[in-house]
>>> print(open('upload12.txt').read())   # compact mmCIF, N, CA and C atoms
# COMPACT_ATOMS: atom_id res chain seq x y z
N MET A 1 52.39 -2.35 -38.62
CA MET A 1 52.61 -1.03 -39.22
C MET A 1 54.07 -0.91 -39.62
N ARG A 2 54.28 -0.46 -40.86
CA ARG A 2 55.64 -0.25 -41.35
C ARG A 2 56.04 1.20 -41.15
N GLY A 3 57.29 1.45 -40.84
CA GLY A 3 57.78 2.80 -40.73
C GLY A 3 57.13 3.54 -39.58
N TYR A 4 57.24 4.85 -39.62
CA TYR A 4 56.66 5.66 -38.55
C TYR A 4 55.60 6.59 -39.10
N GLY A 5 56.00 7.47 -40.01
CA GLY A 5 55.03 8.40 -40.58
C GLY A 5 54.19 7.74 -41.64
N GLY A 6 52.98 8.18 -41.78
CA GLY A 6 52.10 7.64 -42.80
C GLY A 6 50.66 7.67 -42.32
N GLU A 7 49.76 7.70 -43.27
CA GLU A 7 48.34 7.83 -42.95
C GLU A 7 47.86 6.75 -41.99
N GLU A 8 48.27 5.52 -42.22
CA GLU A 8 47.81 4.42 -41.37
C GLU A 8 48.25 4.62 -39.92
N ASN A 9 49.50 4.98 -39.73
CA ASN A 9 50.01 5.18 -38.37
C ASN A 9 49.38 6.39 -37.70
N TYR A 10 49.21 7.49 -38.45
CA TYR A 10 48.59 8.67 -37.87
C TYR A 10 47.15 8.38 -37.47
N ASN A 11 46.43 7.63 -38.29
CA ASN A 11 45.05 7.25 -37.99
C ASN A 11 44.99 6.40 -36.72
N TYR A 12 45.92 5.45 -36.60
CA TYR A 12 45.98 4.60 -35.41
C TYR A 12 46.18 5.44 -34.15
N LEU A 13 47.13 6.38 -34.21
CA LEU A 13 47.40 7.22 -33.04
C LEU A 13 46.17 8.05 -32.67
N GLU A 14 45.50 8.60 -33.69
CA GLU A 14 44.32 9.41 -33.44
C GLU A 14 43.20 8.58 -32.82
N GLN A 15 42.94 7.40 -33.38
CA GLN A 15 41.87 6.53 -32.86
C GLN A 15 42.13 6.09 -31.42
N ASN A 16 43.39 5.95 -31.07
CA ASN A 16 43.74 5.51 -29.72
C ASN A 16 44.09 6.68 -28.80
N GLU A 17 43.79 7.89 -29.28
CA GLU A 17 44.00 9.12 -28.51
C GLU A 17 45.42 9.22 -27.96
N VAL A 18 46.38 8.89 -28.84
CA VAL A 18 47.79 8.98 -28.47
C VAL A 18 48.35 10.26 -29.08
N GLU A 19 48.90 11.11 -28.23
CA GLU A 19 49.51 12.34 -28.74
C GLU A 19 50.98 12.04 -29.00
N ALA A 20 51.38 12.23 -30.23
CA ALA A 20 52.75 11.91 -30.59
C ALA A 20 53.22 12.82 -31.72
N ILE A 21 54.51 12.97 -31.80
CA ILE A 21 55.12 13.70 -32.91
C ILE A 21 55.86 12.66 -33.74
N VAL A 22 55.36 12.43 -34.94
CA VAL A 22 55.93 11.40 -35.81
C VAL A 22 56.26 12.03 -37.15
N LYS A 23 57.52 12.00 -37.52
CA LYS A 23 57.92 12.56 -38.81
C LYS A 23 57.64 11.55 -39.91
N TYR A 24 57.18 12.03 -41.05
CA TYR A 24 56.96 11.17 -42.20
C TYR A 24 58.28 11.02 -42.96
N SER A 25 58.33 10.06 -43.86
CA SER A 25 59.60 9.63 -44.47
C SER A 25 60.33 10.71 -45.26
N THR A 26 59.62 11.66 -45.84
CA THR A 26 60.31 12.69 -46.65
C THR A 26 60.47 14.02 -45.91
N TYR A 27 60.22 14.02 -44.62
CA TYR A 27 60.24 15.26 -43.83
C TYR A 27 61.52 16.08 -44.05
N HIS A 28 62.67 15.49 -43.86
CA HIS A 28 63.93 16.23 -43.96
C HIS A 28 64.22 16.68 -45.40
N ARG A 29 63.89 15.83 -46.38
CA ARG A 29 64.11 16.22 -47.78
C ARG A 29 63.22 17.40 -48.16
N GLU A 30 61.99 17.43 -47.65
CA GLU A 30 61.07 18.51 -47.98
C GLU A 30 61.52 19.86 -47.42
N LYS A 31 62.37 19.83 -46.42
CA LYS A 31 62.89 21.06 -45.82
C LYS A 31 64.07 21.63 -46.61
N SER A 32 64.61 20.86 -47.54
CA SER A 32 65.77 21.31 -48.30
C SER A 32 65.37 22.34 -49.35
N ARG A 33 66.30 23.20 -49.69
CA ARG A 33 66.07 24.23 -50.70
C ARG A 33 65.78 23.60 -52.06
N ALA A 34 66.48 22.51 -52.38
CA ALA A 34 66.30 21.84 -53.67
C ALA A 34 64.86 21.33 -53.81
N TRP A 35 64.32 20.72 -52.77
CA TRP A 35 62.94 20.21 -52.80
C TRP A 35 61.96 21.37 -53.00
N GLN A 36 62.17 22.44 -52.25
CA GLN A 36 61.24 23.57 -52.28
C GLN A 36 61.27 24.33 -53.60
N LYS A 37 62.33 24.16 -54.38
CA LYS A 37 62.42 24.83 -55.68
C LYS A 37 62.10 23.88 -56.84
N ASP A 38 61.85 22.62 -56.55
CA ASP A 38 61.59 21.63 -57.59
C ASP A 38 60.16 21.80 -58.11
N ILE A 39 60.02 22.28 -59.35
CA ILE A 39 58.70 22.56 -59.91
C ILE A 39 57.92 21.28 -60.22
N GLY A 40 58.57 20.15 -60.17
CA GLY A 40 57.88 18.89 -60.43
C GLY A 40 57.17 18.33 -59.20
N LYS A 41 57.41 18.91 -58.03
CA LYS A 41 56.78 18.43 -56.80
C LYS A 41 55.43 19.10 -56.62
N ILE A 42 54.39 18.30 -56.40
CA ILE A 42 53.04 18.84 -56.22
C ILE A 42 52.98 19.76 -55.00
N ASP A 43 53.88 19.57 -54.06
CA ASP A 43 53.94 20.44 -52.88
C ASP A 43 54.19 21.89 -53.27
N ASN A 44 54.79 22.09 -54.43
CA ASN A 44 55.13 23.45 -54.88
C ASN A 44 54.12 23.99 -55.88
N TRP A 45 53.00 23.33 -56.04
CA TRP A 45 51.93 23.79 -56.92
C TRP A 45 50.87 24.49 -56.08
N THR A 46 49.89 25.07 -56.73
CA THR A 46 48.82 25.78 -56.04
C THR A 46 47.53 24.97 -56.12
N TYR A 47 46.90 24.80 -54.98
CA TYR A 47 45.63 24.06 -54.93
C TYR A 47 44.48 25.03 -54.75
N ASN A 48 43.42 24.87 -55.54
CA ASN A 48 42.20 25.66 -55.42
C ASN A 48 41.12 24.74 -54.85
N ARG A 49 40.81 24.94 -53.58
CA ARG A 49 39.86 24.06 -52.88
C ARG A 49 38.46 24.16 -53.47
N GLU A 50 38.02 25.36 -53.81
CA GLU A 50 36.67 25.55 -54.36
C GLU A 50 36.48 24.80 -55.67
N GLN A 51 37.48 24.86 -56.55
CA GLN A 51 37.38 24.22 -57.86
C GLN A 51 37.98 22.82 -57.88
N ASP A 52 38.64 22.44 -56.78
CA ASP A 52 39.31 21.15 -56.68
C ASP A 52 40.28 20.95 -57.84
N THR A 53 41.14 21.96 -58.04
CA THR A 53 42.14 21.90 -59.11
C THR A 53 43.52 22.23 -58.55
N TRP A 54 44.53 21.76 -59.27
CA TRP A 54 45.93 22.09 -58.99
C TRP A 54 46.43 22.92 -60.16
N THR A 55 47.35 23.84 -59.90
CA THR A 55 48.00 24.61 -60.96
C THR A 55 49.50 24.42 -60.82
N CYS A 56 50.14 23.94 -61.88
CA CYS A 56 51.58 23.68 -61.85
C CYS A 56 52.35 24.98 -62.09
N ALA A 57 53.68 24.89 -62.05
CA ALA A 57 54.54 26.06 -62.23
C ALA A 57 54.40 26.68 -63.61
N ALA A 58 53.98 25.90 -64.60
CA ALA A 58 53.81 26.41 -65.96
C ALA A 58 52.43 27.03 -66.17
N GLY A 59 51.58 26.97 -65.13
CA GLY A 59 50.26 27.57 -65.23
C GLY A 59 49.18 26.63 -65.74
N GLN A 60 49.52 25.36 -65.96
CA GLN A 60 48.54 24.37 -66.41
C GLN A 60 47.62 24.00 -65.23
N THR A 61 46.33 23.92 -65.50
CA THR A 61 45.38 23.52 -64.47
C THR A 61 45.12 22.02 -64.60
N LEU A 62 45.22 21.33 -63.48
CA LEU A 62 44.94 19.90 -63.43
C LEU A 62 43.61 19.71 -62.71
N HIS A 63 42.67 19.03 -63.38
CA HIS A 63 41.33 18.81 -62.84
C HIS A 63 41.22 17.41 -62.26
N PHE A 64 40.46 17.29 -61.18
CA PHE A 64 40.22 15.99 -60.56
C PHE A 64 39.53 15.07 -61.55
N ARG A 65 40.01 13.83 -61.67
CA ARG A 65 39.44 12.85 -62.61
C ARG A 65 38.78 11.68 -61.90
N ARG A 66 39.52 11.08 -60.92
CA ARG A 66 38.98 9.87 -60.31
C ARG A 66 39.68 9.59 -58.99
N MET A 67 39.10 8.65 -58.26
CA MET A 67 39.69 8.16 -57.02
C MET A 67 40.07 6.69 -57.24
N SER A 68 41.09 6.25 -56.55
CA SER A 68 41.43 4.83 -56.54
C SER A 68 41.76 4.44 -55.11
N LYS A 69 41.74 3.15 -54.84
CA LYS A 69 42.02 2.65 -53.49
C LYS A 69 43.09 1.58 -53.56
N GLU A 70 43.83 1.48 -52.46
CA GLU A 70 44.87 0.48 -52.33
C GLU A 70 44.86 -0.02 -50.89
N LYS A 71 45.12 -1.29 -50.69
CA LYS A 71 45.20 -1.83 -49.34
C LYS A 71 46.65 -2.12 -48.99
N THR A 72 47.03 -1.76 -47.76
CA THR A 72 48.37 -2.07 -47.29
C THR A 72 48.42 -3.54 -46.87
N GLU A 73 49.61 -4.02 -46.54
CA GLU A 73 49.76 -5.41 -46.10
C GLU A 73 48.91 -5.73 -44.88
N SER A 74 48.68 -4.71 -44.05
CA SER A 74 47.90 -4.93 -42.83
C SER A 74 46.40 -4.80 -43.08
N GLY A 75 46.01 -4.45 -44.31
CA GLY A 75 44.60 -4.33 -44.64
C GLY A 75 44.05 -2.92 -44.58
N TYR A 76 44.90 -1.95 -44.24
CA TYR A 76 44.46 -0.55 -44.17
C TYR A 76 44.23 -0.04 -45.59
N GLU A 77 43.11 0.65 -45.80
CA GLU A 77 42.76 1.13 -47.13
C GLU A 77 43.15 2.60 -47.30
N ILE A 78 43.89 2.89 -48.35
CA ILE A 78 44.33 4.25 -48.67
C ILE A 78 43.62 4.70 -49.93
N GLU A 79 43.08 5.90 -49.92
CA GLU A 79 42.42 6.47 -51.10
C GLU A 79 43.37 7.46 -51.77
N TYR A 80 43.43 7.38 -53.09
CA TYR A 80 44.24 8.30 -53.88
C TYR A 80 43.33 9.11 -54.79
N ARG A 81 43.65 10.38 -54.95
CA ARG A 81 42.92 11.26 -55.86
C ARG A 81 43.80 11.51 -57.08
N HIS A 82 43.25 11.33 -58.26
CA HIS A 82 44.00 11.49 -59.50
C HIS A 82 43.47 12.71 -60.25
N SER A 83 44.40 13.57 -60.67
CA SER A 83 44.05 14.75 -61.44
C SER A 83 44.84 14.74 -62.73
N ARG A 84 44.37 15.50 -63.73
CA ARG A 84 45.04 15.50 -65.03
C ARG A 84 44.87 16.86 -65.69
N SER A 85 45.89 17.24 -66.45
CA SER A 85 45.84 18.48 -67.23
C SER A 85 45.42 18.14 -68.67
N ALA A 86 45.21 19.18 -69.46
CA ALA A 86 44.86 18.97 -70.87
C ALA A 86 46.04 18.35 -71.62
N GLY A 87 47.25 18.66 -71.19
CA GLY A 87 48.43 18.10 -71.85
C GLY A 87 49.69 18.88 -71.51
N CYS A 88 50.80 18.19 -71.49
CA CYS A 88 52.08 18.81 -71.16
C CYS A 88 53.08 18.70 -72.30
N GLU A 89 52.61 18.26 -73.46
CA GLU A 89 53.51 17.98 -74.58
C GLU A 89 54.37 19.19 -74.98
N ASN A 90 53.79 20.38 -75.02
CA ASN A 90 54.52 21.57 -75.47
C ASN A 90 55.01 22.45 -74.32
N CYS A 91 55.01 21.93 -73.13
CA CYS A 91 55.41 22.70 -71.94
C CYS A 91 56.90 23.04 -72.01
N LEU A 92 57.22 24.32 -71.83
CA LEU A 92 58.62 24.76 -71.84
C LEU A 92 59.37 24.31 -70.59
N LEU A 93 58.63 23.99 -69.53
CA LEU A 93 59.25 23.58 -68.28
C LEU A 93 59.39 22.06 -68.16
N LYS A 94 58.87 21.32 -69.13
CA LYS A 94 58.86 19.87 -69.07
C LYS A 94 60.26 19.25 -68.88
N PRO A 95 61.27 19.74 -69.60
CA PRO A 95 62.62 19.17 -69.43
C PRO A 95 63.12 19.31 -68.00
>>> encode(input="upload12.txt", output="C-alpha cells")
Amino acid sequence: MRGYGGEENYNYLEQNEVEAIVKYSTYHREKSRAWQKDIGKIDNWTYNREQDTWTCAAGQTLHFRRMSKEKTESGYEIEYRHSRSAGCENCLLKP
C-alpha cells in the first residue's frame, strides 16, 4: 500500500476491523480558504443524488456518462464515474 489515505487503505482497515484515523493526501489543502473558493473543484459543486448529476458554479448540469476501472500496483481495483455537461465553450467562468 502506498501512502496513507486512499480507498485501498481505507478498505483494508475496514475489512480487518481496524479503527484508525487516516488523513488523505489533500486533507490540509481542502481546509484552506483558497480550495473552498475554487469553483473548479468538484468538492465545491452540488450533487443531486436522485438524478445522479453535478451542478457547477456556472449552473451547468453534468450528467453521468460511464464508469471506468483502474488497477493499482498491488492489484486493487478502483472504479471511476465520469460525468459530462453539454458544453463549457461559452462559460463566463471558464477563465
>>> select_by_dssp(input="upload12.txt", residues="chain A", states="strand (DSSP E or B)", output="list in words")
Thr46, Tyr47, Asn48, Thr53, Trp54, Thr55, Thr61, Leu62, His63, Phe64, Arg65, Arg66, Met67, Ser68, Lys69, Glu70, Lys71, Glu77, Ile78, Glu79, Tyr80, Arg81, His82, Ser83 and Arg84 of chain A
>>> residues_around(input="upload12.txt", residues="region 46-54 of chain A", least_positions_apart="2", cutoff="5 Å", atoms="all atoms listed in the file", output="PyMOL selection string")
chain A and resi 44+56+61-64
>>> write_last_selection(input="upload12.txt", atoms="N, CA and C atoms", output="CSV table (one decimal), keeping the file's coordinate frame")
chain,number,residue,atom,x,y,z
A,44,ASN,N,54.8,22.1,-54.4
A,44,ASN,CA,55.1,23.4,-54.9
A,44,ASN,C,54.1,24.0,-55.9
A,56,CYS,N,50.1,23.9,-61.9
A,56,CYS,CA,51.6,23.7,-61.8
A,56,CYS,C,52.4,25.0,-62.1
A,61,THR,N,46.3,23.9,-65.5
A,61,THR,CA,45.4,23.5,-64.5
A,61,THR,C,45.1,22.0,-64.6
A,62,LEU,N,45.2,21.3,-63.5
A,62,LEU,CA,44.9,19.9,-63.4
A,62,LEU,C,43.6,19.7,-62.7
A,63,HIS,N,42.7,19.0,-63.4
A,63,HIS,CA,41.3,18.8,-62.8
A,63,HIS,C,41.2,17.4,-62.3
A,64,PHE,N,40.5,17.3,-61.2
A,64,PHE,CA,40.2,16.0,-60.6
A,64,PHE,C,39.5,15.1,-61.6
>>> select_by_dssp(input="upload12.txt", residues="chain A", states="helix (DSSP H, G or I)", output="PyMOL selection string")
chain A and resi 7-15+27-30+33-37+42-44
>>> atom_distance(input="upload12.txt", atom1="atom N of Arg66 (chain A)", atom2="atom C of Ser83 (chain A)")
6.7 Å
>>> residues_around(input="upload12.txt", residues="Thr26 (chain A)", least_positions_apart="2", cutoff="12 Å", atoms="only C-alpha atoms", output="number ranges by chain")
A: 3-6, 22-24, 28-32, 35, 43
>>> write_last_selection(input="upload12.txt", atoms="N, CA and C atoms", output="JSON list (two decimals), in the frame of the given file")
[["chain", "number", "residue", "atom", "x", "y", "z"],
["A", 3, "GLY", "N", 57.29, 1.45, -40.84],
["A", 3, "GLY", "CA", 57.78, 2.80, -40.73],
["A", 3, "GLY", "C", 57.13, 3.54, -39.58],
["A", 4, "TYR", "N", 57.24, 4.85, -39.62],
["A", 4, "TYR", "CA", 56.66, 5.66, -38.55],
["A", 4, "TYR", "C", 55.60, 6.59, -39.10],
["A", 5, "GLY", "N", 56.00, 7.47, -40.01],
["A", 5, "GLY", "CA", 55.03, 8.40, -40.58],
["A", 5, "GLY", "C", 54.19, 7.74, -41.64],
["A", 6, "GLY", "N", 52.98, 8.18, -41.78],
["A", 6, "GLY", "CA", 52.10, 7.64, -42.80],
["A", 6, "GLY", "C", 50.66, 7.67, -42.32],
["A", 22, "VAL", "N", 55.36, 12.43, -34.94],
["A", 22, "VAL", "CA", 55.93, 11.40, -35.81],
["A", 22, "VAL", "C", 56.26, 12.03, -37.15],
["A", 23, "LYS", "N", 57.52, 12.00, -37.52],
["A", 23, "LYS", "CA", 57.92, 12.56, -38.81],
["A", 23, "LYS", "C", 57.64, 11.55, -39.91],
["A", 24, "TYR", "N", 57.18, 12.03, -41.05],
["A", 24, "TYR", "CA", 56.96, 11.17, -42.20],
["A", 24, "TYR", "C", 58.28, 11.02, -42.96],
["A", 28, "HIS", "N", 62.67, 15.49, -43.86],
["A", 28, "HIS", "CA", 63.93, 16.23, -43.96],
["A", 28, "HIS", "C", 64.22, 16.68, -45.40],
["A", 29, "ARG", "N", 63.89, 15.83, -46.38],
["A", 29, "ARG", "CA", 64.11, 16.22, -47.78],
["A", 29, "ARG", "C", 63.22, 17.40, -48.16],
["A", 30, "GLU", "N", 61.99, 17.43, -47.65],
["A", 30, "GLU", "CA", 61.07, 18.51, -47.98],
["A", 30, "GLU", "C", 61.52, 19.86, -47.42],
["A", 31, "LYS", "N", 62.37, 19.83, -46.42],
["A", 31, "LYS", "CA", 62.89, 21.06, -45.82],
["A", 31, "LYS", "C", 64.07, 21.63, -46.61],
["A", 32, "SER", "N", 64.61, 20.86, -47.54],
["A", 32, "SER", "CA", 65.77, 21.31, -48.30],
["A", 32, "SER", "C", 65.37, 22.34, -49.35],
["A", 35, "TRP", "N", 64.32, 20.72, -52.77],
["A", 35, "TRP", "CA", 62.94, 20.21, -52.80],
["A", 35, "TRP", "C", 61.96, 21.37, -53.00],
["A", 43, "ASP", "N", 53.88, 19.57, -54.06],
["A", 43, "ASP", "CA", 53.94, 20.44, -52.88],
["A", 43, "ASP", "C", 54.19, 21.89, -53.27]]
>>> atom_distance(input="upload12.txt", atom1="atom N of Lys41 (chain A)", atom2="atom C of Thr55 (chain A)")
10.0 Å
